[in-house]
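Asker: CSV, C-alpha atoms, file entry_19.csv:
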```csv
chain,number,residue,atom,x,y,z
Q,97,MET,CA,16.9,-6.3,18.7
Q,98,MET,CA,16.3,-3.5,16.3
Q,99,PRO,CA,13.0,-1.6,16.3
Q,100,PRO,CA,10.5,-3.0,13.7
Q,101,SER,CA,10.4,0.3,11.8
Q,102,VAL,CA,14.2,0.2,11.3
Q,103,ALA,CA,14.1,-3.4,10.3
Q,104,ALA,CA,11.5,-2.6,7.7
Q,105,LEU,CA,13.8,-0.1,6.1
Q,106,LEU,CA,16.6,-2.6,5.9
Q,107,GLY,CA,14.5,-5.4,4.4
Q,108,ALA,CA,14.1,-7.6,7.4
Q,109,ARG,CA,11.9,-10.7,7.3
Q,110,ILE,CA,8.7,-10.6,9.3
Q,111,ASP,CA,9.9,-13.4,11.6
Q,112,GLY,CA,12.5,-11.0,13.1
Q,113,ILE,CA,15.7,-12.5,11.6
Q,114,ASP,CA,18.6,-10.3,10.5
Q,115,PRO,CA,17.9,-7.9,7.5
Q,116,SER,CA,18.6,-9.4,4.0
Q,117,PRO,CA,20.7,-7.1,1.7
Q,118,LEU,CA,19.3,-9.0,-1.3
Q,119,VAL,CA,15.7,-8.2,-0.3
Q,120,ALA,CA,16.5,-4.6,0.5
Q,121,GLY,CA,18.3,-4.2,-2.9
Q,122,ALA,CA,15.3,-5.7,-4.7
Q,123,TYR,CA,12.9,-3.3,-3.0
Q,124,PHE,CA,15.2,-0.4,-3.8
Q,125,LEU,CA,15.4,-1.4,-7.5
Q,126,ALA,CA,11.6,-1.8,-7.6
Q,127,CYS,CA,11.1,1.7,-6.2
Q,128,ALA,CA,13.6,3.1,-8.7
Q,129,LEU,CA,11.8,1.4,-11.6
Q,130,LEU,CA,8.4,2.8,-10.5
Q,131,LEU,CA,9.7,6.3,-10.0
Q,132,TYR,CA,11.3,6.3,-13.4
Q,133,ALA,CA,8.0,5.1,-14.9
Q,134,LEU,CA,6.1,7.9,-13.2
Q,135,TRP,CA,8.3,10.6,-14.6
Q,136,SER,CA,8.8,9.0,-18.0
Q,137,ARG,CA,7.3,10.9,-20.9
Q,138,ALA,CA,6.9,7.8,-23.0
Q,139,THR,CA,3.6,6.2,-21.8
Q,140,ARG,CA,4.3,2.7,-23.1
Q,141,THR,CA,7.9,2.6,-21.8
Q,142,GLY,CA,6.7,3.9,-18.5
Q,143,ASN,CA,4.1,1.3,-18.2
Q,144,ARG,CA,6.6,-1.5,-18.9
Q,145,PHE,CA,9.0,-0.1,-16.3
Q,146,ALA,CA,6.1,0.1,-13.8
Q,147,MET,CA,5.1,-3.5,-14.4
Q,148,ALA,CA,8.7,-4.6,-14.0
Q,149,GLY,CA,9.0,-2.8,-10.7
Q,150,ILE,CA,5.8,-4.2,-9.3
Q,151,ALA,CA,6.7,-7.7,-10.4
Q,152,LEU,CA,10.1,-7.4,-8.7
Q,153,ALA,CA,8.5,-6.1,-5.5
Q,154,VAL,CA,6.0,-9.0,-5.4
Q,155,GLY,CA,8.8,-11.5,-6.0
Q,156,ALA,CA,10.9,-10.0,-3.2
Q,157,ALA,CA,7.9,-10.0,-0.8
Q,158,ILE,CA,7.2,-13.7,-1.6
Q,159,TYR,CA,10.9,-14.6,-1.3
Q,160,SER,CA,11.5,-12.8,2.0
Q,161,HIS,CA,8.4,-14.0,3.9
Q,162,ASP,CA,8.6,-17.3,5.6
Q,163,VAL,CA,4.9,-17.1,6.6
Q,164,VAL,CA,3.5,-17.3,3.1
Q,165,ASN,CA,0.8,-19.7,1.9
Q,166,LEU,CA,1.1,-19.6,-1.9
Q,167,PRO,CA,-2.1,-21.6,-2.5
Q,168,GLU,CA,-4.1,-19.0,-0.5
Q,169,ILE,CA,-2.4,-16.2,-2.4
Q,170,VAL,CA,-3.1,-17.8,-5.8
Q,171,SER,CA,-6.7,-18.5,-4.8
Q,172,ALA,CA,-7.3,-15.0,-3.7
Q,173,LEU,CA,-5.8,-13.5,-6.8
Q,174,THR,CA,-7.9,-15.9,-9.0
Q,175,ILE,CA,-11.2,-15.2,-7.2
Q,176,GLY,CA,-10.6,-11.4,-7.0
Q,177,GLY,CA,-9.4,-11.2,-10.6
Q,178,GLY,CA,-12.3,-13.2,-11.9
Q,179,ILE,CA,-14.8,-11.1,-10.1
Q,180,GLY,CA,-13.2,-7.9,-11.4
Q,181,LEU,CA,-12.9,-9.2,-15.0
Q,182,MET,CA,-16.6,-10.3,-14.9
Q,183,LEU,CA,-17.8,-6.9,-13.7
Q,184,ALA,CA,-15.5,-5.0,-16.1
Q,185,ARG,CA,-16.7,-7.0,-19.2
Q,186,ARG,CA,-20.4,-6.3,-18.3
Q,187,GLY,CA,-20.1,-2.6,-17.9
Q,188,ALA,CA,-16.6,-1.2,-17.2
Q,189,VAL,CA,-17.5,2.5,-17.8
Q,190,ARG,CA,-20.5,2.3,-15.4
Q,191,ILE,CA,-19.2,0.0,-12.7
Q,192,LEU,CA,-15.4,0.7,-12.5
Q,193,PRO,CA,-15.7,4.1,-10.8
Q,194,TRP,CA,-17.9,2.6,-8.1
Q,195,LEU,CA,-15.5,-0.3,-7.6
Q,196,VAL,CA,-12.6,2.2,-7.2
Q,197,VAL,CA,-14.5,4.3,-4.7
Q,198,SER,CA,-15.7,1.2,-2.8
Q,199,GLY,CA,-12.1,-0.3,-2.8
Q,200,HIS,CA,-10.6,2.9,-1.4
Q,201,GLY,CA,-13.3,3.0,1.3
Q,202,LEU,CA,-12.6,-0.5,2.3
Q,203,LEU,CA,-8.8,0.2,2.4
Q,204,GLY,CA,-9.4,3.1,4.7
Q,205,LEU,CA,-11.6,1.1,7.0
Q,206,GLY,CA,-9.1,-1.7,6.9
Q,207,ALA,CA,-6.3,0.6,7.9
Q,208,MET,CA,-8.4,2.0,10.8
Q,209,ALA,CA,-9.2,-1.6,12.0
Q,210,THR,CA,-5.6,-2.8,11.7
Q,211,ALA,CA,-4.2,0.2,13.6
Q,212,PHE,CA,-6.8,-0.3,16.3
Q,213,VAL,CA,-6.0,-4.0,16.7
Q,214,LEU,CA,-2.3,-3.4,16.8
Q,215,PHE,CA,-2.7,-0.7,19.4
Q,216,ARG,CA,-5.0,-2.8,21.6
Q,217,ASN,CA,-2.8,-5.9,21.4
Q,218,PRO,CA,0.8,-5.0,20.5
Q,219,PHE,CA,2.2,-8.2,22.2
Q,220,ALA,CA,0.6,-10.4,19.5
Q,221,PHE,CA,2.6,-8.6,16.8
Q,222,ALA,CA,5.9,-8.1,18.8
Q,223,ILE,CA,5.9,-4.3,18.6
Q,224,VAL,CA,6.8,-3.8,22.3
Q,225,ARG,CA,10.0,-3.3,24.1
Q,226,ASP,CA,11.5,-5.8,26.6
Q,227,ASP,CA,9.7,-4.0,29.5
Q,228,GLY,CA,6.4,-4.6,27.7
Q,229,ALA,CA,5.8,-1.0,26.7
Q,230,MET,CA,5.0,-0.1,23.1
Q,231,LEU,CA,7.7,1.8,21.2
Q,232,PRO,CA,6.9,5.5,21.0
Q,233,GLY,CA,7.5,5.7,17.3
Q,234,ASP,CA,5.2,2.7,16.6
Q,235,GLY,CA,2.4,4.4,18.6
Q,236,LEU,CA,2.8,7.5,16.4
Q,237,LEU,CA,2.8,5.4,13.2
Q,238,LEU,CA,-0.4,3.6,14.3
Q,239,ALA,CA,-2.1,6.9,15.1
Q,240,ALA,CA,-1.0,8.2,11.7
Q,241,ALA,CA,-2.3,5.1,9.9
Q,242,PHE,CA,-5.7,5.4,11.8
Q,243,ALA,CA,-6.0,9.1,10.9
Q,244,ILE,CA,-5.2,8.6,7.3
Q,245,GLY,CA,-7.5,5.6,7.1
Q,246,ALA,CA,-10.3,7.8,8.5
Q,247,LEU,CA,-9.6,10.5,6.0
Q,248,VAL,CA,-9.7,7.9,3.1
Q,249,LEU,CA,-12.9,6.5,4.4
Q,250,GLY,CA,-14.5,9.9,4.7
Q,251,GLY,CA,-13.2,10.8,1.2
Q,252,ALA,CA,-14.6,7.7,-0.3
Q,253,LEU,CA,-18.1,8.4,1.2
Q,254,THR,CA,-17.8,11.9,-0.3
Q,255,MET,CA,-16.7,10.5,-3.7
Q,256,ALA,CA,-19.8,8.3,-3.7
Q,257,VAL,CA,-21.8,11.4,-4.1
Q,258,ARG,CA,-19.5,13.4,-6.4
Q,259,ARG,CA,-16.6,11.6,-8.1
Q,260,THR,CA,-13.6,13.5,-9.5
Q,261,GLN,CA,-10.4,12.2,-11.0
Q,262,VAL,CA,-8.3,14.2,-8.7
Q,263,GLY,CA,-10.2,13.0,-5.7
Q,264,LEU,CA,-9.9,9.4,-6.6
Q,265,ALA,CA,-6.2,9.8,-7.1
Q,266,TRP,CA,-5.7,11.4,-3.7
Q,267,LEU,CA,-7.8,8.6,-2.1
Q,268,GLY,CA,-5.4,6.1,-3.6
Q,269,SER,CA,-2.4,8.0,-2.3
Q,270,GLY,CA,-3.9,8.1,1.2
Q,271,SER,CA,-4.5,4.4,1.1
Q,272,GLY,CA,-0.9,3.7,0.2
Q,273,TRP,CA,0.6,5.9,2.9
Q,274,ALA,CA,-1.7,4.3,5.5
Q,275,ALA,CA,-0.4,0.9,4.5
Q,276,ALA,CA,3.2,2.2,4.6
Q,277,ALA,CA,2.7,3.5,8.1
Q,278,LEU,CA,1.3,0.1,9.3
Q,279,GLY,CA,4.3,-1.6,7.6
Q,280,PHE,CA,6.8,0.5,9.4
Q,281,ALA,CA,5.1,-0.3,12.7
Q,282,LEU,CA,5.1,-4.0,12.0
Q,283,GLY,CA,8.6,-4.1,10.5
Q,284,ASN,CA,7.0,-5.5,7.3
Q,285,SER,CA,9.1,-4.4,4.3
Q,286,ALA,CA,6.5,-5.5,1.8
Q,287,MET,CA,3.8,-3.3,3.2
Q,288,VAL,CA,6.2,-0.3,3.4
Q,289,VAL,CA,7.4,-0.6,-0.2
Q,290,ALA,CA,3.9,-1.4,-1.7
Q,291,GLY,CA,2.3,1.3,0.3
Q,292,ALA,CA,4.9,3.9,-0.6
Q,293,MET,CA,4.8,3.0,-4.2
Q,294,ALA,CA,1.0,3.3,-4.3
Q,295,GLY,CA,1.1,6.5,-2.4
Q,296,VAL,CA,3.7,8.2,-4.7
Q,297,ALA,CA,2.1,6.9,-7.9
Q,298,ALA,CA,-1.4,8.1,-6.9
Q,299,ALA,CA,-0.1,11.4,-5.7
Q,300,ARG,CA,1.7,11.9,-9.0
Q,301,ILE,CA,-1.5,11.1,-10.9
Q,302,GLY,CA,-3.5,13.4,-8.7
Q,303,TRP,CA,-0.9,16.2,-9.3
Q,304,ARG,CA,-1.1,15.7,-13.0
Q,305,ALA,CA,-4.9,15.7,-13.0
Q,306,ASP,CA,-5.0,18.8,-10.9
Q,307,ARG,CA,-2.7,20.7,-13.3
Q,308,ALA,CA,-4.8,19.5,-16.3
Q,309,ALA,CA,-8.2,20.3,-14.8
Q,310,PRO,CA,-8.1,24.2,-15.4
Q,311,ARG,CA,-7.2,23.7,-19.0
Q,312,ALA,CA,-10.0,21.1,-19.7
```
Could you write out this file's structure as structure tokens?
Answerer:
Amino acid sequence: MMPPSVAALLGARIDGIDPSPLVAGAYFLACALLLYALWSRATRTGNRFAMAGIALAVGAAIYSHDVVNLPEIVSALTIGGGIGLMLARRGAVRILPWLVVSGHGLLGLGAMATAFVLFRNPFAFAIVRDDGAMLPGDGLLLAAAFAIGALVLGGALTMAVRRTQVGLAWLGSGSGWAAAALGFALGNSAMVVAGAMAGVAAARIGWRADRAAPRA
């Protein structure tokens, strides 16, 4: 049986069956579309390519996961989207920055909690070898996810006092890389791709904002 981190790279399903080339190809294409969108000079064209990449990644995730409850997913999207829309319509300029900071803080806290649970009970998530010991690489990935999550949580608390565009972008990048590290440990391709896409996109935005800041 291949390590979960290797299976995640190849597009394996979360139930441990053999990797699917179709899923791996879909994830690769989704990443390529997003990277093209990030480096595109045409804003509208880049946004369209980014949306296409995200839609393709979501479709691949739903297709490749046997343990998916579509009614729960649709319900969560509807409730969360409805709350976000309601808050945005009432006062987007005033509320949105706080929502972004709070969201990043919760993502950092979630990454820390998930890494701790996986470390405490690796048997429940099948990230152990045949002799019962955790794979060394997975232990490092969990430690990295916990550390990044702690940095994101601390950064979110700092941003609550003084928000900057660059800081918010780097918080988003950290949240993405924490999710990617957890995805590698679990062998979950969806988490790896989504986390890496979020990490690269936010890092690109932060880099652009950092370059533009001295000229503002």
Asker: Excluding same-chain residues fewer than 4 positions from range 209-216 of chain Q, what lies within 12 Å of it counting only C-alpha atoms, as a VMD selection string?
Answerer: chain Q and resid 202 to 205 220 to 224 229 to 232 234 to 246 249 274 to 282
Asker: Rounded to one decimal in Å, what is the spacing between CA of Gly283 in chain Q and CA of Val248 in chain Q?
Answerer: 23.1 Å
Asker: Counting all atoms listed in the file, figure out which residue out of Q:Ala286, Q:Ala120, Q:Val197, Q:Cys127 gets nearest to Met255 in chain Q.
Answerer: Q:Val197
Asker: Hey, which of Q:Ile175, Q:Leu130, Q:Ala156, Q:Ala256 ends up closest to Leu195 in chain Q? Count all atoms listed in the file.
Answerer: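 So, comparing all the options, the nearest one is Q:Ala256.
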Asker: List the neighbours of Ser269 in chain Q out to 8 Å using all atoms listed in the file; skip same-chain residues closer than 6 positions along the sequence, and give me the result as number ranges by chain.
Answerer: Q: 294-299
Asker: To one decimal place in Å, what is the distance between CA of Gly142 in chain Q and CA of Ala122 in chain Q?
Answerer: 18.9 Å
Asker: Pick from Q:Val257, Q:Met293, Q:Leu129, Q:Val119: nearest to Ala157 in chain Q, with only C-alpha atoms counted?
Answerer: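 Result for the nearest residue to Ala157 in chain Q: Q:Val119.
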Asker: With only C-alpha atoms as the basis for distance, which of Q:Val170, Q:Ile191, Q:Ala128, Q:Ala153 is at the shortest distance from Gly291 in chain Q?
Answerer: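 Looking at the shortest contact to Gly291 in chain Q, the residue is Q:Ala153.
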Asker: Using all atoms listed in the file, which of the listed residues (Q:Trp303, Q:Phe124, Q:Tyr132, Q:Trp266) sits closest to Met147 in chain Q?
Answerer: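 Smallest distance to Met147 in chain Q is found for Q:Tyr132.
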